[in-house]
>>> print(open('start-v1.txt').read())   # compact mmCIF, C-alpha atoms and all ligand atoms
# COMPACT_ATOMS: atom_id res chain seq x y z
CA MET A 1 198.77 66.61 122.86
CA SER A 2 201.13 65.32 120.20
CA GLU A 3 203.37 67.73 118.38
CA ILE A 4 201.44 67.32 115.14
CA SER A 5 198.15 67.95 116.86
CA GLU A 6 199.59 71.05 118.52
CA ARG A 7 200.86 72.42 115.24
CA TYR A 8 197.58 71.67 113.52
CA HIS A 9 195.56 73.60 116.08
CA GLN A 10 198.07 76.44 116.01
CA VAL A 11 197.75 76.77 112.23
CA ARG A 12 193.94 76.63 112.43
CA GLN A 13 194.07 79.40 115.02
CA GLN A 14 196.41 81.46 112.89
CA ILE A 15 194.03 81.18 109.92
CA GLN A 16 191.16 82.30 112.12
CA ALA A 17 193.11 85.25 113.53
CA ALA A 18 194.41 86.37 110.14
CA ALA A 19 190.92 86.16 108.64
CA GLU A 20 189.39 88.14 111.49
CA GLN A 21 192.09 90.77 111.23
CA CYS A 22 191.13 91.56 107.67
CA GLY A 23 187.40 91.08 107.98
CA ARG A 24 187.11 87.71 106.26
CA SER A 25 185.39 84.54 107.32
CA PRO A 26 187.84 81.69 107.96
CA ASP A 27 185.36 79.41 106.17
CA GLY A 28 186.53 80.78 102.85
CA ILE A 29 190.12 79.65 103.43
CA GLU A 30 190.97 76.05 102.80
CA LEU A 31 194.02 74.51 104.43
CA LEU A 32 196.11 72.33 102.17
CA ALA A 33 198.58 70.26 104.20
CA VAL A 34 201.84 69.98 102.26
CA SER A 35 203.25 66.60 103.23
CA LYS A 36 206.23 66.34 100.85
CA ARG A 37 209.21 64.52 102.34
CA LYS A 38 207.12 63.63 105.41
CA PRO A 39 206.30 60.02 106.30
CA ILE A 40 202.94 58.33 105.88
CA GLU A 41 202.50 58.22 109.68
CA ASP A 42 202.49 62.02 109.76
CA ILE A 43 199.79 62.14 107.09
CA GLU A 44 197.74 59.59 109.00
CA ALA A 45 198.12 61.61 112.21
CA MET A 46 196.99 64.76 110.42
CA TYR A 47 194.06 62.92 108.86
CA ALA A 48 192.99 61.68 112.28
CA LEU A 49 192.69 65.34 113.31
CA GLY A 50 190.23 65.97 110.50
CA GLN A 51 192.56 67.15 107.72
CA LYS A 52 191.50 65.83 104.29
CA ALA A 53 193.49 67.81 101.70
CA PHE A 54 197.17 66.95 101.20
CA GLY A 55 199.71 68.43 98.77
CA GLU A 56 202.68 66.58 97.30
CA ASN A 57 205.49 67.78 94.99
CA TYR A 58 207.36 64.66 93.93
CA LEU A 59 205.41 62.19 91.83
CA GLN A 60 207.06 58.88 92.78
CA GLU A 61 206.95 59.70 96.47
CA ALA A 62 203.34 60.82 96.16
CA LEU A 63 202.21 57.67 94.34
CA LEU A 64 203.58 55.50 97.14
CA LYS A 65 201.71 57.54 99.72
CA ILE A 66 198.46 57.59 97.73
CA LYS A 67 198.63 53.83 97.47
CA ALA A 68 199.40 53.36 101.15
CA ILE A 69 196.72 55.67 102.47
CA GLN A 70 193.40 53.95 102.08
CA HIS A 71 190.86 56.54 103.25
CA ASN A 72 188.72 57.36 100.27
CA ASP A 73 187.91 60.91 101.35
CA VAL A 74 191.49 62.21 101.12
CA ILE A 75 191.90 64.90 98.45
CA TRP A 76 195.31 64.78 96.78
CA HIS A 77 196.82 67.93 95.27
CA PHE A 78 199.84 67.86 92.98
CA ILE A 79 201.74 71.07 93.69
CA GLY A 80 205.07 70.19 92.08
CA HIS A 81 206.60 70.98 88.75
CA ILE A 82 204.71 69.34 85.87
CA GLN A 83 206.65 67.47 83.18
CA SER A 84 205.25 65.88 80.03
CA ASN A 85 206.24 62.36 81.00
CA LYS A 86 204.35 62.70 84.29
CA THR A 87 201.02 64.03 83.09
CA LYS A 88 199.42 60.58 82.86
CA GLU A 89 200.11 59.61 86.47
CA ILE A 90 199.16 63.07 87.70
CA ALA A 91 195.86 62.95 85.81
CA LEU A 92 195.03 59.49 87.09
CA HIS A 93 195.97 59.80 90.75
CA PHE A 94 195.34 63.37 91.86
CA ASP A 95 192.18 65.41 92.43
CA TRP A 96 193.88 68.77 91.93
CA VAL A 97 196.89 70.17 90.15
CA HIS A 98 198.19 73.64 91.02
CA GLY A 99 201.08 74.35 88.71
CA ILE A 100 199.85 74.29 85.11
CA GLU A 101 201.99 76.58 83.00
CA LYS A 102 201.85 75.06 79.50
CA ALA A 103 198.93 74.46 77.12
CA LYS A 104 200.59 71.23 76.05
CA HIS A 105 200.59 69.86 79.59
CA ALA A 106 196.97 70.88 80.05
CA SER A 107 195.96 69.01 76.90
CA GLN A 108 197.87 65.91 78.01
CA LEU A 109 196.27 66.00 81.46
CA ASP A 110 192.87 66.38 79.80
CA LYS A 111 193.43 63.40 77.53
CA HIS A 112 194.63 61.11 80.34
CA ARG A 113 191.85 62.19 82.67
CA ALA A 114 189.03 61.30 80.27
CA ILE A 115 188.84 57.72 81.51
CA LEU A 116 187.91 58.83 85.05
CA GLY A 117 184.84 60.78 83.95
CA LYS A 118 185.44 63.33 86.70
CA PRO A 119 187.35 66.50 85.83
CA LEU A 120 190.74 67.27 87.30
CA GLN A 121 190.58 70.49 89.33
CA ALA A 122 193.26 72.91 88.21
CA CYS A 123 195.06 76.15 88.89
CA ILE A 124 197.39 77.98 86.55
CA GLN A 125 200.69 79.01 88.10
CA VAL A 126 201.45 82.67 87.47
CA ASN A 127 204.91 84.20 87.61
CA ILE A 128 203.83 87.66 88.67
CA THR A 129 207.24 89.31 88.67
CA GLY A 130 208.30 87.66 85.43
CA GLU A 131 211.76 86.50 86.56
CA ALA A 132 213.15 83.99 84.10
CA SER A 133 214.20 81.56 86.83
CA LYS A 134 210.69 81.06 88.15
CA GLY A 135 207.87 78.73 87.17
CA GLY A 136 204.56 79.89 85.83
CA VAL A 137 203.17 81.92 82.95
CA THR A 138 203.63 85.66 82.79
CA ILE A 139 200.62 87.91 83.29
CA GLU A 140 200.65 88.54 79.54
CA GLN A 141 200.47 84.82 78.70
CA LEU A 142 197.77 84.09 81.27
CA PRO A 143 194.54 84.85 79.32
CA GLU A 144 195.47 82.59 76.43
CA LEU A 145 196.30 79.63 78.67
CA ALA A 146 193.17 80.21 80.77
CA ASN A 147 190.99 80.20 77.66
CA HIS A 148 192.67 77.05 76.40
CA ILE A 149 192.09 75.17 79.66
CA SER A 150 188.54 76.38 80.04
CA GLN A 151 187.68 74.57 76.82
CA LEU A 152 189.02 71.19 77.98
CA GLU A 153 186.33 68.77 78.98
CA ASN A 154 188.22 66.85 81.64
CA ILE A 155 189.84 69.76 83.42
CA GLN A 156 188.00 72.28 85.50
CA LEU A 157 189.93 75.50 85.77
CA ARG A 158 189.40 76.68 89.35
CA GLY A 159 191.83 79.55 89.65
CA LEU A 160 195.39 80.76 89.97
CA MET A 161 198.43 79.87 92.03
CA THR A 162 201.59 81.80 92.77
CA MET A 163 204.69 81.64 94.93
CA PRO A 164 206.46 84.91 95.70
CA ASP A 165 210.24 84.89 96.02
CA PRO A 166 210.79 84.30 99.76
CA ASN A 167 213.96 86.39 99.62
CA THR A 168 212.14 89.60 98.74
CA PRO A 169 210.74 92.00 101.37
CA ALA A 170 207.30 91.22 102.81
CA GLU A 171 205.70 94.22 101.07
CA GLU A 172 206.83 92.93 97.69
CA GLN A 173 205.46 89.48 98.44
CA LYS A 174 202.19 91.05 99.50
CA ALA A 175 202.06 92.99 96.22
CA VAL A 176 202.45 89.69 94.35
CA PHE A 177 199.37 88.33 96.15
CA THR A 178 197.40 91.48 95.34
CA ARG A 179 198.35 91.21 91.70
CA LEU A 180 197.28 87.55 91.53
CA ARG A 181 193.88 88.50 92.92
CA GLU A 182 193.57 91.19 90.25
CA CYS A 183 194.50 88.67 87.54
CA LYS A 184 191.71 86.39 88.73
CA GLU A 185 189.24 89.28 88.75
CA GLN A 186 190.18 90.19 85.20
CA LEU A 187 189.64 86.65 83.98
CA GLN A 188 186.29 86.59 85.76
CA GLN A 189 185.30 89.80 83.98
CA GLN A 190 186.11 88.06 80.74
CA GLY A 191 183.57 85.39 81.60
CA LEU A 192 185.58 82.63 83.28
CA THR A 193 184.15 81.07 86.44
CA LEU A 194 186.99 80.91 88.99
CA ASP A 195 186.81 80.46 92.74
CA THR A 196 190.36 79.69 93.82
CA LEU A 197 193.43 81.69 94.75
CA SER A 198 196.10 79.22 95.82
CA MET A 199 198.56 81.42 97.66
CA GLY A 200 200.26 81.57 101.04
CA MET A 201 202.78 79.20 102.65
CA SER A 202 204.04 78.84 106.22
CA GLY A 203 205.99 82.10 106.13
CA ASP A 204 203.52 84.36 104.36
CA MET A 205 200.04 83.05 105.07
CA ASN A 206 198.79 86.12 106.92
CA ASP A 207 199.44 88.47 104.00
CA ALA A 208 198.07 85.93 101.54
CA ILE A 209 194.86 85.59 103.54
CA CYS A 210 194.41 89.35 103.72
CA GLU A 211 194.89 89.57 99.96
CA GLY A 212 192.12 87.07 99.34
CA SER A 213 193.70 83.61 99.37
CA THR A 214 191.14 80.80 99.30
CA MET A 215 193.68 78.01 99.71
CA ILE A 216 196.89 78.18 101.69
CA ARG A 217 199.54 75.52 101.13
CA ILE A 218 201.18 74.83 104.49
CA GLY A 219 204.05 72.41 105.06
CA THR A 220 206.58 73.44 107.71
CA ALA A 221 204.11 75.04 110.13
CA LEU A 222 202.10 71.79 110.22
CA PHE A 223 204.71 69.05 109.96
CA GLY A 224 207.87 70.77 111.17
CA LYS A 225 211.05 71.42 109.20
CA ARG A 226 211.86 69.14 106.27
CA GLU A 227 215.21 67.36 106.21
C1 LIG A 301 206.84 73.06 99.77
C2 LIG A 301 205.74 73.89 99.21
C3 LIG A 301 204.80 74.55 100.05
C4 LIG A 301 204.88 74.53 101.57
O1 LIG A 301 205.91 75.33 102.02
P1 LIG A 301 206.14 75.62 103.59
O2 LIG A 301 206.97 76.84 103.58
O3 LIG A 301 206.81 74.44 104.15
O4 LIG A 301 204.80 75.87 104.19
C5 LIG A 301 203.77 75.23 99.44
N1 LIG A 301 203.65 75.30 98.10
C6 LIG A 301 204.51 74.69 97.28
C7 LIG A 301 204.31 74.81 95.81
C8 LIG A 301 205.59 74.00 97.81
O5 LIG A 301 206.47 73.42 96.97
>>> encode(input="start-v1.txt", output="structure tokens")
Amino acid sequence: MSEISERYHQVRQQIQAAAEQCGRSPDGIELLAVSKRKPIEDIEAMYALGQKAFGENYLQEALLKIKAIQHNDVIWHFIGHIQSNKTKEIALHFDWVHGIEKAKHASQLDKHRAILGKPLQACIQVNITGEASKGGVTIEQLPELANHISQLENIQLRGLMTMPDPNTPAEEQKAVFTRLRECKEQLQQQGLTLDTLSMGMSGDMNDAICEGSTMIRIGTALFGKRE
């Protein structure tokens, strides 16, 4: 078995084991393969194993890959930082975007997406601990942004995304996941239809799964260390 195939099966097994451990079905956990800074051949190898969803952070790099990879059933997720001057390309070339944190960006994505007639799937990034250095809206800003996006015709708000500080203890990171789940539940009580919690990376996927993640974003564990 190739290294990529071995890693892929290991990650699938880890998802299954983590789900079983906390009484969930692994079917409710989607694996997003984060291929940033990895070559097209690695994406092709992963695709050949049955993987369809890929996440990219850097727009120019991603556009080259999207162009080169011809399979029309690949689902591309933009998981990087969103900037105003990139919203057009993101809206036109991706199926999902995970890091919305500004109403202005959401409106721009909506406008540029109109031509495709198929809504962009979106998550709002939440900065649970509120540190100034981190991306995402605060818990206090979340309802307003969620309501704004839910009224846009060409964006379908699917849920929330977060990234705990990897330098904090595991219990604190777990508490961040719990809090994100509660934020989603609150928005649902207010009438929004949400089905996605984008949380969990190579180092913290087990806790994220036990706290209700529906989509884990895995790079290193699938493709090996990035240069
Ligand atoms: C790079 C990245 C990941 C994957 O991280 P790994 O630790 O390599 O699994 C997940 N989410 C986002 C937003 C990233 O930028």
>>> residues_near_ligand(input="start-v1.txt", ligand="ligand LIG 301 (chain A)", cutoff="10 Å", atoms="only C-alpha atoms and all ligand atoms", output="PyMOL selection string")
chain A and resi 32-37+55-58+78-81+98-99+125+161-163+166+198-205+216-226
>>> residues_near_point(input="start-v1.txt", point="(202.7, 79.7, 90.3)", cutoff="12 Å", atoms="all atoms listed in the file", output="number ranges by chain")
A: 79-82, 97-102, 122-131, 134-139, 142, 159-165, 176-177, 180, 197-200
>>> residues_around(input="start-v1.txt", residues="range 104-115 of chain A", least_positions_apart="2", cutoff="8 Å", atoms="only C-alpha atoms", output="PDB file with C-alpha atoms, in the frame of the given file")
ATOM      1  CA  ILE A  82     204.710  69.340  85.870  1.00  0.00           C
ATOM      2  CA  GLN A  83     206.650  67.470  83.180  1.00  0.00           C
ATOM      3  CA  SER A  84     205.250  65.880  80.030  1.00  0.00           C
ATOM      4  CA  THR A  87     201.020  64.030  83.090  1.00  0.00           C
ATOM      5  CA  LYS A  88     199.420  60.580  82.860  1.00  0.00           C
ATOM      6  CA  ILE A  90     199.160  63.070  87.700  1.00  0.00           C
ATOM      7  CA  ALA A  91     195.860  62.950  85.810  1.00  0.00           C
ATOM      8  CA  LEU A  92     195.030  59.490  87.090  1.00  0.00           C
ATOM      9  CA  ILE A 100     199.850  74.290  85.110  1.00  0.00           C
ATOM     10  CA  GLU A 101     201.990  76.580  83.000  1.00  0.00           C
ATOM     11  CA  LYS A 102     201.850  75.060  79.500  1.00  0.00           C
ATOM     12  CA  GLY A 117     184.840  60.780  83.950  1.00  0.00           C
ATOM     13  CA  LYS A 118     185.440  63.330  86.700  1.00  0.00           C
ATOM     14  CA  PRO A 119     187.350  66.500  85.830  1.00  0.00           C
ATOM     15  CA  LEU A 120     190.740  67.270  87.300  1.00  0.00           C
ATOM     16  CA  ILE A 149     192.090  75.170  79.660  1.00  0.00           C
ATOM     17  CA  LEU A 152     189.020  71.190  77.980  1.00  0.00           C
ATOM     18  CA  GLU A 153     186.330  68.770  78.980  1.00  0.00           C
ATOM     19  CA  ASN A 154     188.220  66.850  81.640  1.00  0.00           C
ATOM     20  CA  ILE A 155     189.840  69.760  83.420  1.00  0.00           C
TER      21      ILE A 155
END
>>> closest_residue(input="start-v1.txt", among="A:Asn85, A:Gln151, A:Asn167, A:Gln188", to="Leu59 in chain A", atoms="only C-alpha atoms")
A:Asn85
>>> atom_distance(input="start-v1.txt", atom1="CA of Asp73 in chain A", atom2="CA of Ala17 in chain A")
27.7 Å
>>> residues_around(input="start-v1.txt", residues="Met46 in chain A", least_positions_apart="3", cutoff="9 Å", atoms="all atoms listed in the file", output="ChimeraX atom specification")
/A:4-5,8,33,41-43,49-52,222-223
>>> write_last_selection(input="start-v1.txt", atoms="C-alpha atoms", output="mmCIF file, in the coordinates of the input")
data_model
loop_
_atom_site.group_PDB
_atom_site.id
_atom_site.type_symbol
_atom_site.label_atom_id
_atom_site.label_comp_id
_atom_site.auth_asym_id
_atom_site.auth_seq_id
_atom_site.Cartn_x
_atom_site.Cartn_y
_atom_site.Cartn_z
ATOM 1 C CA ILE A 4 201.440 67.320 115.140
ATOM 2 C CA SER A 5 198.150 67.950 116.860
ATOM 3 C CA TYR A 8 197.580 71.670 113.520
ATOM 4 C CA ALA A 33 198.580 70.260 104.200
ATOM 5 C CA GLU A 41 202.500 58.220 109.680
ATOM 6 C CA ASP A 42 202.490 62.020 109.760
ATOM 7 C CA ILE A 43 199.790 62.140 107.090
ATOM 8 C CA LEU A 49 192.690 65.340 113.310
ATOM 9 C CA GLY A 50 190.230 65.970 110.500
ATOM 10 C CA GLN A 51 192.560 67.150 107.720
ATOM 11 C CA LYS A 52 191.500 65.830 104.290
ATOM 12 C CA LEU A 222 202.100 71.790 110.220
ATOM 13 C CA PHE A 223 204.710 69.050 109.960
#
>>> closest_residue(input="start-v1.txt", among="A:Ile40, A:Ile29, A:Val11, A:Leu116", to="Glu211 in chain A", atoms="all atoms listed in the file")
A:Ile29
>>> closest_residue(input="start-v1.txt", among="A:Thr178, A:Gln156, A:Gln189, A:Thr168", to="Pro143 in chain A", atoms="all atoms listed in the file")
A:Gln189
>>> atom_distance(input="start-v1.txt", atom1="CA of Asp195 in chain A", atom2="CA of His9 in chain A")
25.9 Å
>>> closest_residue(input="start-v1.txt", among="A:Ser150, A:Ala53, A:Gln14, A:Arg158", to="Glu30 in chain A", atoms="all atoms listed in the file")
A:Ala53
>>> residues_near_point(input="start-v1.txt", point="(189.6, 84.3, 80.8)", cutoff="6 Å", atoms="all atoms listed in the file", output="compact mmCIF listing (two decimals) with C-alpha atoms, in the coordinates of the input")
# COMPACT_ATOMS: atom_id res chain seq x y z
CA PRO A 143 194.54 84.85 79.32
CA ALA A 146 193.17 80.21 80.77
CA ASN A 147 190.99 80.20 77.66
CA LEU A 187 189.64 86.65 83.98
CA GLN A 190 186.11 88.06 80.74
CA LEU A 192 185.58 82.63 83.28
>>> closest_residue(input="start-v1.txt", among="A:Ser133, A:Gln173, A:Cys210, A:Gln121", to="Ala19 in chain A", atoms="all atoms listed in the file")
A:Cys210
>>> atom_distance(input="start-v1.txt", atom1="CA of Glu20 in chain A", atom2="CA of Leu157 in chain A")
28.7 Å
